[in-house]
$ cat query-v6.cif   # mmCIF, C-alpha atoms
data_my_file
loop_
_atom_site.label_atom_id
_atom_site.label_comp_id
_atom_site.auth_asym_id
_atom_site.auth_seq_id
_atom_site.Cartn_x
_atom_site.Cartn_y
_atom_site.Cartn_z
CA MET A 1 21.79 -35.91 13.13
CA ILE A 2 24.07 -33.64 15.06
CA GLY A 3 25.59 -30.83 13.03
CA VAL A 4 23.04 -30.83 10.24
CA GLY A 5 21.62 -27.37 9.72
CA LYS A 6 24.36 -25.75 11.82
CA PRO A 7 25.15 -22.27 10.54
CA LYS A 8 28.51 -21.93 8.81
CA GLN A 9 31.32 -21.28 11.29
CA TYR A 10 33.80 -18.58 10.37
CA GLY A 11 37.43 -18.76 11.42
CA ASN A 12 37.76 -15.07 12.19
CA VAL A 13 35.24 -12.32 12.80
CA LEU A 14 36.68 -10.37 9.87
CA ASP A 15 35.42 -13.11 7.55
CA LYS A 16 31.83 -13.02 8.77
CA PRO A 17 29.57 -11.08 6.42
CA LEU A 18 28.01 -7.83 7.65
CA SER A 19 24.46 -9.10 7.21
CA ARG A 20 21.35 -7.65 8.78
CA GLY A 21 20.99 -10.58 11.14
CA ARG A 22 17.87 -11.02 13.23
CA GLN A 23 16.18 -7.68 13.57
CA GLU A 24 14.65 -8.31 16.96
CA VAL A 25 16.16 -8.79 20.37
CA SER A 26 14.25 -9.85 23.47
CA LEU A 27 13.03 -6.76 25.35
CA SER A 28 13.19 -8.47 28.73
CA ALA A 29 16.77 -9.55 28.10
CA PHE A 30 17.70 -5.98 27.26
CA ALA A 31 15.81 -4.61 30.28
CA PHE A 32 17.72 -6.98 32.57
CA LEU A 33 21.05 -6.09 31.02
CA PHE A 34 20.35 -2.37 31.22
CA SER A 35 19.21 -2.55 34.84
CA GLU A 36 22.42 -4.40 35.70
CA LEU A 37 24.42 -1.73 33.90
CA VAL A 38 22.74 1.00 35.95
CA GLN A 39 23.12 -0.89 39.22
CA TYR A 40 26.79 -1.63 38.55
CA ASN A 41 27.50 2.02 37.88
CA GLN A 42 25.56 3.03 40.98
CA THR A 43 28.02 1.10 43.15
CA GLN A 44 30.98 2.86 41.56
CA VAL A 45 29.95 6.48 42.00
CA ASP A 46 29.04 8.86 44.84
CA ASN A 47 26.68 11.26 43.15
CA ILE A 48 24.06 11.50 40.44
CA ALA A 49 26.00 13.67 38.01
CA GLU A 50 28.78 11.09 37.90
CA LEU A 51 26.23 8.30 37.32
CA GLU A 52 24.67 10.18 34.42
CA ARG A 53 28.12 10.80 32.95
CA ARG A 54 28.98 7.10 33.10
CA LEU A 55 25.75 6.09 31.39
CA GLU A 56 26.39 8.72 28.75
CA ASP A 57 29.89 7.38 28.12
CA ALA A 58 28.48 3.88 27.71
CA GLY A 59 26.02 5.23 25.15
CA TYR A 60 28.75 7.20 23.36
CA ALA A 61 30.58 4.00 22.45
CA VAL A 62 27.37 2.57 21.01
CA GLY A 63 26.64 5.75 19.05
CA ALA A 64 30.04 5.81 17.34
CA ARG A 65 29.55 2.27 16.05
CA VAL A 66 25.89 2.69 15.13
CA LEU A 67 26.77 5.68 12.92
CA GLU A 68 29.30 3.75 10.83
CA LEU A 69 27.23 0.59 10.61
CA LEU A 70 23.96 2.26 9.62
CA CYS A 71 25.51 4.60 7.08
CA HIS A 72 27.04 1.57 5.42
CA ARG A 73 24.04 -0.74 5.69
CA ASP A 74 20.99 1.48 5.34
CA LYS A 75 22.19 4.53 3.50
CA GLY A 76 24.28 2.98 0.76
CA ASN A 77 27.51 4.71 1.76
CA ARG A 78 26.35 8.29 1.75
CA ARG A 79 27.61 10.59 4.50
CA GLU A 80 25.64 13.37 6.16
CA THR A 81 27.19 16.81 5.81
CA ARG A 82 24.29 19.05 6.82
CA LEU A 83 22.74 19.65 10.23
CA LEU A 84 19.17 18.79 9.29
CA GLY A 85 20.42 15.72 7.47
CA ILE A 86 22.15 14.25 10.48
CA LEU A 87 19.25 15.14 12.78
CA SER A 88 16.68 13.42 10.59
CA PHE A 89 19.08 10.47 10.26
CA ILE A 90 19.05 10.12 14.05
CA HIS A 91 15.35 10.81 14.38
CA SER A 92 14.29 8.14 11.88
CA THR A 93 16.99 5.63 10.90
CA VAL A 94 18.84 5.32 14.20
CA TRP A 95 15.68 5.29 16.31
CA LYS A 96 14.04 2.74 14.02
CA VAL A 97 16.97 0.35 14.21
CA LEU A 98 17.51 0.72 17.95
CA PHE A 99 13.96 1.04 19.26
CA GLY A 100 11.77 -0.31 16.48
CA LYS A 101 9.98 2.96 15.72
CA VAL A 102 10.88 6.50 14.69
CA ALA A 103 11.14 9.10 17.43
CA ASP A 104 7.94 10.93 18.33
CA SER A 105 9.07 14.38 17.32
CA LEU A 106 12.02 16.53 16.32
CA GLU A 107 11.80 20.22 17.16
CA LYS A 108 14.00 23.26 16.89
CA GLY A 109 14.47 25.25 20.06
CA THR A 110 12.73 28.64 20.12
CA GLU A 111 15.06 30.43 22.48
CA HIS A 112 18.44 29.53 21.04
CA GLU A 113 19.59 28.91 17.49
CA ASP A 114 21.74 25.96 18.41
CA GLU A 115 19.21 23.87 20.34
CA TYR A 116 17.17 20.98 19.01
CA MET A 117 14.94 18.51 20.83
CA ILE A 118 13.96 14.93 20.15
CA SER A 119 10.94 13.93 22.20
CA GLU A 120 9.65 10.53 23.10
CA LYS A 121 6.55 9.69 25.09
CA GLU A 122 8.27 6.77 26.81
CA LEU A 123 11.90 5.92 26.15
CA LEU A 124 12.38 2.19 25.73
CA VAL A 125 15.24 2.12 28.21
CA ASN A 126 13.09 3.84 30.86
CA ARG A 127 10.10 1.57 30.53
CA PHE A 128 10.93 -0.73 33.43
CA ILE A 129 12.78 1.80 35.56
CA SER A 130 11.38 3.82 38.43
CA VAL A 131 13.52 6.56 39.92
CA PRO A 132 13.33 7.00 43.71
CA LYS A 133 12.40 10.47 45.01
CA ASP A 134 15.79 11.12 46.58
CA MET A 135 17.53 10.91 43.23
CA GLY A 136 15.81 14.04 42.04
CA ALA A 137 15.94 14.65 38.33
CA PHE A 138 18.04 11.65 37.40
CA ASN A 139 17.08 10.14 34.05
CA CYS A 140 18.38 6.82 32.71
CA GLY A 141 17.75 8.31 29.30
CA ALA A 142 21.30 9.62 29.74
CA PHE A 143 22.27 6.39 28.01
CA VAL A 144 20.26 7.37 24.93
CA ALA A 145 21.64 10.91 25.15
CA GLY A 146 25.09 9.32 25.01
CA ILE A 147 24.14 7.36 21.90
CA VAL A 148 22.97 10.55 20.18
CA ARG A 149 26.15 12.36 21.22
CA GLY A 150 28.23 9.48 19.85
CA VAL A 151 26.50 9.68 16.49
CA LEU A 152 26.79 13.47 16.26
CA ASP A 153 30.40 13.55 17.41
CA GLY A 154 31.40 10.83 14.96
CA ALA A 155 29.76 12.63 12.07
CA GLY A 156 31.59 15.87 12.88
CA PHE A 157 28.82 17.79 14.73
CA PRO A 158 30.08 18.13 18.30
CA ALA A 159 27.24 18.81 20.72
CA VAL A 160 26.20 18.61 24.36
CA VAL A 161 23.29 16.18 24.66
CA THR A 162 21.18 15.71 27.77
CA ALA A 163 17.96 13.88 28.66
CA HIS A 164 15.17 15.58 30.60
CA PHE A 165 11.78 14.67 31.95
CA VAL A 166 9.05 17.03 30.82
CA PRO A 167 5.80 16.71 32.78
CA ILE A 168 2.69 16.79 30.61
CA GLU A 169 -0.64 17.67 32.09
CA GLY A 170 -3.19 14.95 31.74
CA GLN A 171 -0.58 12.18 31.70
CA GLN A 172 0.81 10.42 34.70
CA ARG A 173 4.29 9.67 33.38
CA PRO A 174 6.32 12.58 32.06
CA ARG A 175 7.59 12.76 28.50
CA THR A 176 11.32 12.44 27.87
CA THR A 177 13.13 15.05 25.81
CA ILE A 178 16.65 14.68 24.47
CA LEU A 179 18.10 18.19 24.29
CA ILE A 180 20.87 18.72 21.74
CA LYS A 181 23.00 21.86 21.97
CA PHE A 182 25.46 22.19 19.10
CA ALA A 183 28.93 23.67 19.44
CA GLU A 184 29.81 27.04 17.88
CA GLU A 185 31.84 25.57 15.05
CA VAL A 186 28.89 23.54 13.79
CA LEU A 187 26.73 26.63 13.34
CA ARG A 188 29.60 28.51 11.71
CA ARG A 189 30.19 25.69 9.25
CA GLU A 190 26.46 25.41 8.49
CA ALA A 191 26.33 29.12 7.75
CA ARG A 192 29.39 28.82 5.53
CA LEU A 193 27.93 25.91 3.57
CA GLY A 194 24.83 28.00 2.96
CA MET B 1 49.09 -3.56 -10.91
CA ALA B 2 50.54 -0.49 -9.21
CA SER B 3 54.21 -0.60 -8.60
CA THR B 4 54.08 1.94 -5.79
CA ALA B 5 51.14 2.04 -3.42
CA CYS B 6 51.09 3.32 0.15
CA PHE B 7 47.87 2.82 2.11
CA VAL B 8 47.08 4.63 5.36
CA ILE B 9 43.96 4.75 7.54
CA VAL B 10 43.73 8.05 9.42
CA SER B 11 41.24 8.45 12.24
CA LYS B 12 38.99 11.42 12.89
CA ASN B 13 41.64 12.94 15.18
CA ASP B 14 44.27 12.90 12.42
CA ILE B 15 46.15 10.00 13.96
CA PRO B 16 47.18 7.20 11.57
CA ILE B 17 45.71 3.97 12.88
CA TYR B 18 46.98 1.65 10.16
CA GLU B 19 49.73 1.84 7.52
CA ALA B 20 50.87 -0.55 4.82
CA GLU B 21 53.02 -0.45 1.72
CA VAL B 22 51.03 -2.55 -0.70
CA GLY B 23 52.82 -1.93 -3.99
CA THR B 24 54.75 -4.56 -5.88
CA ALA B 25 58.01 -2.61 -6.08
CA PRO B 26 60.65 -3.56 -3.50
CA ARG B 27 60.48 -1.38 -0.42
CA LYS B 28 63.01 1.45 -0.26
CA GLU B 29 63.55 3.30 3.00
CA GLU B 30 63.87 6.89 1.71
CA VAL B 31 60.86 6.58 -0.49
CA ALA B 32 58.68 5.26 2.36
CA TYR B 33 59.19 8.45 4.40
CA GLN B 34 58.36 10.57 1.39
CA HIS B 35 55.12 8.64 0.87
CA GLN B 36 54.05 9.26 4.45
CA PHE B 37 54.84 12.96 4.11
CA ILE B 38 52.80 13.31 0.94
CA LEU B 39 49.81 11.59 2.51
CA HIS B 40 49.91 13.77 5.60
CA ALA B 41 50.16 16.89 3.48
CA ALA B 42 47.01 15.86 1.62
CA LEU B 43 44.98 15.75 4.85
CA ASP B 44 44.14 19.46 4.71
CA ILE B 45 42.67 19.18 1.25
CA VAL B 46 40.63 16.17 2.30
CA GLN B 47 39.20 18.02 5.27
CA ASP B 48 37.83 20.81 3.09
CA LEU B 49 36.65 18.50 0.36
CA ALA B 50 34.83 16.17 2.74
CA TRP B 51 32.26 18.82 3.66
CA THR B 52 31.34 19.68 0.09
CA THR B 53 29.96 16.30 -0.90
CA SER B 54 27.99 13.47 0.66
CA ALA B 55 29.76 10.78 -1.35
CA MET B 56 32.33 8.62 0.41
CA PHE B 57 34.77 8.06 -2.46
CA LEU B 58 36.60 11.33 -3.12
CA LYS B 59 38.66 10.09 -6.08
CA SER B 60 42.01 11.77 -6.44
CA VAL B 61 42.53 14.85 -4.29
CA ASP B 62 46.21 15.63 -4.75
CA ARG B 63 49.16 14.94 -7.04
CA PHE B 64 52.89 14.75 -6.48
CA ASN B 65 55.05 14.25 -9.58
CA ASP B 66 53.42 11.18 -11.07
CA LEU B 67 51.93 9.90 -7.81
CA VAL B 68 48.25 10.42 -7.06
CA VAL B 69 46.50 10.50 -3.68
CA SER B 70 43.02 8.97 -3.60
CA VAL B 71 40.83 9.21 -0.54
CA TYR B 72 37.69 7.52 0.79
CA VAL B 73 35.96 9.13 3.79
CA THR B 74 33.69 7.04 6.02
CA ALA B 75 30.64 8.26 7.94
CA GLY B 76 32.71 8.63 11.08
CA HIS B 77 35.28 10.76 9.23
CA THR B 78 37.87 8.03 9.18
CA ARG B 79 39.97 8.55 6.04
CA LEU B 80 41.27 5.69 3.94
CA MET B 81 44.09 7.19 1.89
CA LEU B 82 46.00 5.58 -0.96
CA LEU B 83 49.09 6.95 -2.66
CA HIS B 84 49.58 5.26 -6.01
CA ASP B 85 50.72 5.68 -9.57
CA SER B 86 48.04 3.69 -11.40
CA ARG B 87 44.97 5.04 -13.12
CA ASN B 88 42.60 2.19 -12.28
CA GLU B 89 39.80 4.12 -10.55
CA ASP B 90 37.26 1.29 -10.40
CA GLY B 91 39.78 -1.06 -8.86
CA ILE B 92 40.69 1.53 -6.27
CA LYS B 93 37.02 2.20 -5.44
CA SER B 94 36.35 -1.52 -4.91
CA PHE B 95 39.49 -1.80 -2.79
CA PHE B 96 38.30 1.06 -0.59
CA GLN B 97 34.83 -0.41 -0.21
CA GLU B 98 36.18 -3.78 0.88
CA VAL B 99 38.58 -2.24 3.38
CA HIS B 100 35.71 -0.10 4.66
CA GLU B 101 33.76 -3.26 5.47
CA LEU B 102 36.78 -4.72 7.25
CA TYR B 103 37.11 -1.50 9.22
CA ILE B 104 33.44 -1.62 10.29
CA LYS B 105 33.85 -5.18 11.49
CA THR B 106 36.92 -4.14 13.49
CA LEU B 107 35.01 -1.17 14.93
CA LEU B 108 32.08 -3.34 16.04
CA ASN B 109 34.38 -5.06 18.51
CA PRO B 110 33.33 -3.52 21.85
CA LEU B 111 36.88 -3.88 23.14
CA TYR B 112 38.33 -1.86 20.28
CA LEU B 113 38.74 1.81 21.19
CA PRO B 114 37.75 3.91 18.15
CA GLY B 115 40.76 5.94 17.06
CA SER B 116 43.36 3.53 18.37
CA ARG B 117 45.80 1.57 16.24
CA ILE B 118 44.58 -1.56 14.46
CA THR B 119 47.06 -4.22 15.49
CA SER B 120 45.34 -7.39 14.26
CA SER B 121 47.67 -9.36 11.98
CA TYR B 122 44.66 -10.96 10.32
CA PHE B 123 43.41 -7.51 9.33
CA ASP B 124 46.84 -6.82 7.86
CA THR B 125 46.78 -10.08 5.88
CA LYS B 126 43.35 -9.35 4.49
CA VAL B 127 44.24 -5.80 3.44
CA ARG B 128 47.33 -6.99 1.60
CA ALA B 129 45.31 -9.74 -0.13
CA LEU B 130 42.74 -7.14 -1.22
CA ALA B 131 45.52 -4.89 -2.51
CA ARG B 132 46.92 -7.73 -4.60
CA LYS B 133 43.45 -8.42 -5.94
CA TYR B 134 42.29 -4.91 -6.81
CA LEU B 135 45.35 -2.77 -7.30
#
$ encode --input "query-v6.cif" --output "structure tokens"
Amino acid sequence: MIGVGKPKQYGNVLDKPLSRGRQEVSLSAFAFLFSELVQYNQTQVDNIAELERRLEDAGYAVGARVLELLCHRDKGNRRETRLLGILSFIHSTVWKVLFGKVADSLEKGTEHEDEYMISEKELLVNRFISVPKDMGAFNCGAFVAGIVRGVLDGAGFPAVVTAHFVPIEGQQRPRTTILIKFAEEVLRREARLG
Amino acid sequence: MASTACFVIVSKNDIPIYEAEVGTAPRKEEVAYQHQFILHAALDIVQDLAWTTSAMFLKSVDRFNDLVVSVYVTAGHTRLMLLHDSRNEDGIKSFFQEVHELYIKTLLNPLYLPGSRITSSYFDTKVRALARKYL
């Protein structure tokens, strides 16, 4: 019979419950959507820096929402006030929800106090993307860098986040590193909080 | 049931994105301005207090005569502030939690710019219904 077993229809989105929903989304559907996003932005810009900035802005919007949603759903309404807390939140919870696994590693930079790196052997968004030689160091991981920046900015830890390819000897494809450089005020506040 | 209650949602950039008088007393013009002033003055205290604890519900942070300001800070540093004269803490906490969920649902809309005013009349209706229920 038609209509039997149909999920309950809600009049307004504000009435729909904030449930977990289906945890998995088709990878090929996402890969298509992401490639269209990159191609669309390519037609709008003249240079690579502008393209990276646009992808980052797209990710920033996602990051701001992911922060609120995950803190409410997965962390039982507890905010992160410390640097290491928010970094491990991104490294495990955010990565697990977005990419299905925790990030490969989280490291503190050796040269500067305010630099941290999240490394991934193969970023999910880069899996089906090949960058032509004439685009130099362009990395579609700028989208993920934008997500991280959105989460950090929303939580009150302003930072400059960029994605880089790091060649590893013995492997054909380079590793991707998300480099996070925190603003001055974050370090000052961390020092003050002790 | 609180007779005076002024509810404001302030975004991370200290811009109010939603305001409502949800008390049962009839609305008086002079008093409304005073309520807004008291809430804005409490923002400084909230900013300092927010970094000392990882809880979201900050209970009462400021007093003015017999009015109390209670604040709930979300993960994205959006502050839900309530100016009231009742002492019903549990009711206020439940009210904040429900409005928080409504706020998240509004935020998930990709066409909603975070930090901009919430103009949905349905959101307004729901907040007032929640205020009647919990406050």
$ residues_near_point --input "query-v6.cif" --point "(18.3, 14.8, 25.3)" --cutoff "7 Å" --atoms "all atoms listed in the file" --output "ChimeraX atom specification"
/A:117-118,145,161-164,177-180
$ interface_residues --input "query-v6.cif" --of "chain B" --to "chain A" --cutoff "10 Å" --atoms "all atoms listed in the file" --output "PyMOL selection string"
chain B and resi 12+50-57+73-78+97+100-110+112-114+122-123+126
$ closest_residue --input "query-v6.cif" --among "B:Leu58, B:Ile118, B:Leu130, B:Ile9" --to "Gln36 (chain B)" --atoms "all atoms listed in the file"
B:Ile9
$ atom_distance --input "query-v6.cif" --atom1 "CA of Ala159 (chain A)" --atom2 "CA of Glu107 (chain A)"
15.9 Å
$ resolve_selection --input "query-v6.cif" --expression "the PyMOL selection byres ((chain A and resi 27-33) around 12)" --output "list in words"
Glu24, Val25, Ser26, Phe34, Ser35, Glu36, Leu37, Val38, Gln39, Tyr40, Leu98, Phe99, Gly100, Leu123, Leu124, Val125, Asn126, Arg127, Phe128, Ile129 and Cys140 of chain A
$ closest_residue --input "query-v6.cif" --among "B:Arg87, B:His35, B:Arg117, B:Lys59" --to "Val10 (chain B)" --atoms "all atoms listed in the file"
B:Arg117
$ closest_residue --input "query-v6.cif" --among "B:Cys6, B:Leu111, B:Val69, B:Leu82" --to "Tyr33 (chain B)" --atoms "all atoms listed in the file"
B:Cys6
$ atom_distance --input "query-v6.cif" --atom1 "CA of Phe37 (chain B)" --atom2 "CA of Thr24 (chain B)"
20.2 Å
$ atom_distance --input "query-v6.cif" --atom1 "CA of Arg192 (chain A)" --atom2 "CA of Tyr72 (chain B)"
23.3 Å
$ build_atoms --input "query-v6.cif" --residues "region 129-140 of chain A" --atoms "all heavy atoms" --output "PDB file, in the frame of the given file"
ATOM      1  N   ILE A 129      11.979   1.168  34.515  1.00  0.00           N
ATOM      2  CA  ILE A 129      12.780   1.800  35.560  1.00  0.00           C
ATOM      3  C   ILE A 129      11.941   2.812  36.303  1.00  0.00           C
ATOM      4  O   ILE A 129      11.238   3.619  35.696  1.00  0.00           O
ATOM      5  CB  ILE A 129      14.001   2.511  34.923  1.00  0.00           C
ATOM      6  CG1 ILE A 129      14.924   1.460  34.313  1.00  0.00           C
ATOM      7  CG2 ILE A 129      14.732   3.338  35.947  1.00  0.00           C
ATOM      8  CD1 ILE A 129      16.188   2.021  33.793  1.00  0.00           C
ATOM      9  N   SER A 130      12.007   2.772  37.642  1.00  0.00           N
ATOM     10  CA  SER A 130      11.380   3.820  38.430  1.00  0.00           C
ATOM     11  C   SER A 130      12.469   4.476  39.246  1.00  0.00           C
ATOM     12  O   SER A 130      13.305   3.810  39.842  1.00  0.00           O
ATOM     13  CB  SER A 130      10.305   3.242  39.347  1.00  0.00           C
ATOM     14  OG  SER A 130      10.871   2.290  40.207  1.00  0.00           O
ATOM     15  N   VAL A 131      12.460   5.808  39.248  1.00  0.00           N
ATOM     16  CA  VAL A 131      13.520   6.560  39.920  1.00  0.00           C
ATOM     17  C   VAL A 131      13.030   6.968  41.303  1.00  0.00           C
ATOM     18  O   VAL A 131      11.990   7.596  41.425  1.00  0.00           O
ATOM     19  CB  VAL A 131      13.885   7.810  39.098  1.00  0.00           C
ATOM     20  CG1 VAL A 131      15.010   8.550  39.770  1.00  0.00           C
ATOM     21  CG2 VAL A 131      14.254   7.434  37.679  1.00  0.00           C
ATOM     22  N   PRO A 132      13.775   6.611  42.368  1.00  0.00           N
ATOM     23  CA  PRO A 132      13.330   7.000  43.710  1.00  0.00           C
ATOM     24  C   PRO A 132      13.388   8.514  43.889  1.00  0.00           C
ATOM     25  O   PRO A 132      14.156   9.201  43.220  1.00  0.00           O
ATOM     26  CB  PRO A 132      14.344   6.303  44.635  1.00  0.00           C
ATOM     27  CG  PRO A 132      15.502   5.990  43.783  1.00  0.00           C
ATOM     28  CD  PRO A 132      15.006   5.819  42.397  1.00  0.00           C
ATOM     29  N   LYS A 133      12.537   9.017  44.818  1.00  0.00           N
ATOM     30  CA  LYS A 133      12.400  10.470  45.010  1.00  0.00           C
ATOM     31  C   LYS A 133      13.734  11.137  45.338  1.00  0.00           C
ATOM     32  O   LYS A 133      14.001  12.252  44.906  1.00  0.00           O
ATOM     33  CB  LYS A 133      11.428  10.759  46.170  1.00  0.00           C
ATOM     34  CG  LYS A 133       9.982  10.634  45.797  1.00  0.00           C
ATOM     35  CD  LYS A 133       9.480  11.891  45.070  1.00  0.00           C
ATOM     36  CE  LYS A 133       7.987  11.826  44.847  1.00  0.00           C
ATOM     37  NZ  LYS A 133       7.520  10.623  44.177  1.00  0.00           N
ATOM     38  N   ASP A 134      14.585  10.433  46.125  1.00  0.00           N
ATOM     39  CA  ASP A 134      15.790  11.120  46.580  1.00  0.00           C
ATOM     40  C   ASP A 134      16.837  11.273  45.484  1.00  0.00           C
ATOM     41  O   ASP A 134      17.883  11.865  45.709  1.00  0.00           O
ATOM     42  CB  ASP A 134      16.391  10.397  47.807  1.00  0.00           C
ATOM     43  CG  ASP A 134      16.691   8.944  47.483  1.00  0.00           C
ATOM     44  OD1 ASP A 134      16.343   8.496  46.375  1.00  0.00           O
ATOM     45  OD2 ASP A 134      17.252   8.251  48.357  1.00  0.00           O
ATOM     46  N   MET A 135      16.577  10.727  44.308  1.00  0.00           N
ATOM     47  CA  MET A 135      17.530  10.910  43.230  1.00  0.00           C
ATOM     48  C   MET A 135      17.176  12.088  42.349  1.00  0.00           C
ATOM     49  O   MET A 135      17.846  12.349  41.361  1.00  0.00           O
ATOM     50  CB  MET A 135      17.634   9.633  42.394  1.00  0.00           C
ATOM     51  CG  MET A 135      18.280   8.518  43.178  1.00  0.00           C
ATOM     52  SD  MET A 135      18.661   7.114  42.171  1.00  0.00           S
ATOM     53  CE  MET A 135      20.259   7.582  41.595  1.00  0.00           C
ATOM     54  N   GLY A 136      16.117  12.790  42.716  1.00  0.00           N
ATOM     55  CA  GLY A 136      15.810  14.040  42.040  1.00  0.00           C
ATOM     56  C   GLY A 136      15.518  13.872  40.561  1.00  0.00           C
ATOM     57  O   GLY A 136      14.648  13.101  40.174  1.00  0.00           O
ATOM     58  N   ALA A 137      16.272  14.600  39.753  1.00  0.00           N
ATOM     59  CA  ALA A 137      15.940  14.650  38.330  1.00  0.00           C
ATOM     60  C   ALA A 137      16.719  13.649  37.510  1.00  0.00           C
ATOM     61  O   ALA A 137      16.875  13.820  36.303  1.00  0.00           O
ATOM     62  CB  ALA A 137      16.205  16.059  37.806  1.00  0.00           C
ATOM     63  N   PHE A 138      17.225  12.610  38.127  1.00  0.00           N
ATOM     64  CA  PHE A 138      18.040  11.650  37.400  1.00  0.00           C
ATOM     65  C   PHE A 138      17.224  10.934  36.333  1.00  0.00           C
ATOM     66  O   PHE A 138      16.088  10.531  36.574  1.00  0.00           O
ATOM     67  CB  PHE A 138      18.621  10.628  38.379  1.00  0.00           C
ATOM     68  CG  PHE A 138      19.343   9.518  37.697  1.00  0.00           C
ATOM     69  CD1 PHE A 138      20.516   9.769  37.002  1.00  0.00           C
ATOM     70  CD2 PHE A 138      18.844   8.231  37.714  1.00  0.00           C
ATOM     71  CE1 PHE A 138      21.178   8.751  36.359  1.00  0.00           C
ATOM     72  CE2 PHE A 138      19.508   7.204  37.072  1.00  0.00           C
ATOM     73  CZ  PHE A 138      20.676   7.463  36.394  1.00  0.00           C
ATOM     74  N   ASN A 139      17.797  10.772  35.146  1.00  0.00           N
ATOM     75  CA  ASN A 139      17.080  10.140  34.050  1.00  0.00           C
ATOM     76  C   ASN A 139      17.995   9.118  33.385  1.00  0.00           C
ATOM     77  O   ASN A 139      19.073   9.453  32.923  1.00  0.00           O
ATOM     78  CB  ASN A 139      16.678  11.227  33.044  1.00  0.00           C
ATOM     79  CG  ASN A 139      15.707  10.695  32.004  1.00  0.00           C
ATOM     80  OD1 ASN A 139      15.649   9.494  31.740  1.00  0.00           O
ATOM     81  ND2 ASN A 139      14.942  11.592  31.427  1.00  0.00           N
ATOM     82  N   CYS A 140      17.553   7.845  33.351  1.00  0.00           N
ATOM     83  CA  CYS A 140      18.380   6.820  32.710  1.00  0.00           C
ATOM     84  C   CYS A 140      18.452   7.030  31.208  1.00  0.00           C
ATOM     85  O   CYS A 140      19.206   6.346  30.514  1.00  0.00           O
ATOM     86  CB  CYS A 140      17.822   5.424  32.993  1.00  0.00           C
ATOM     87  SG  CYS A 140      18.187   4.887  34.656  1.00  0.00           S
TER      88      CYS A 140
END
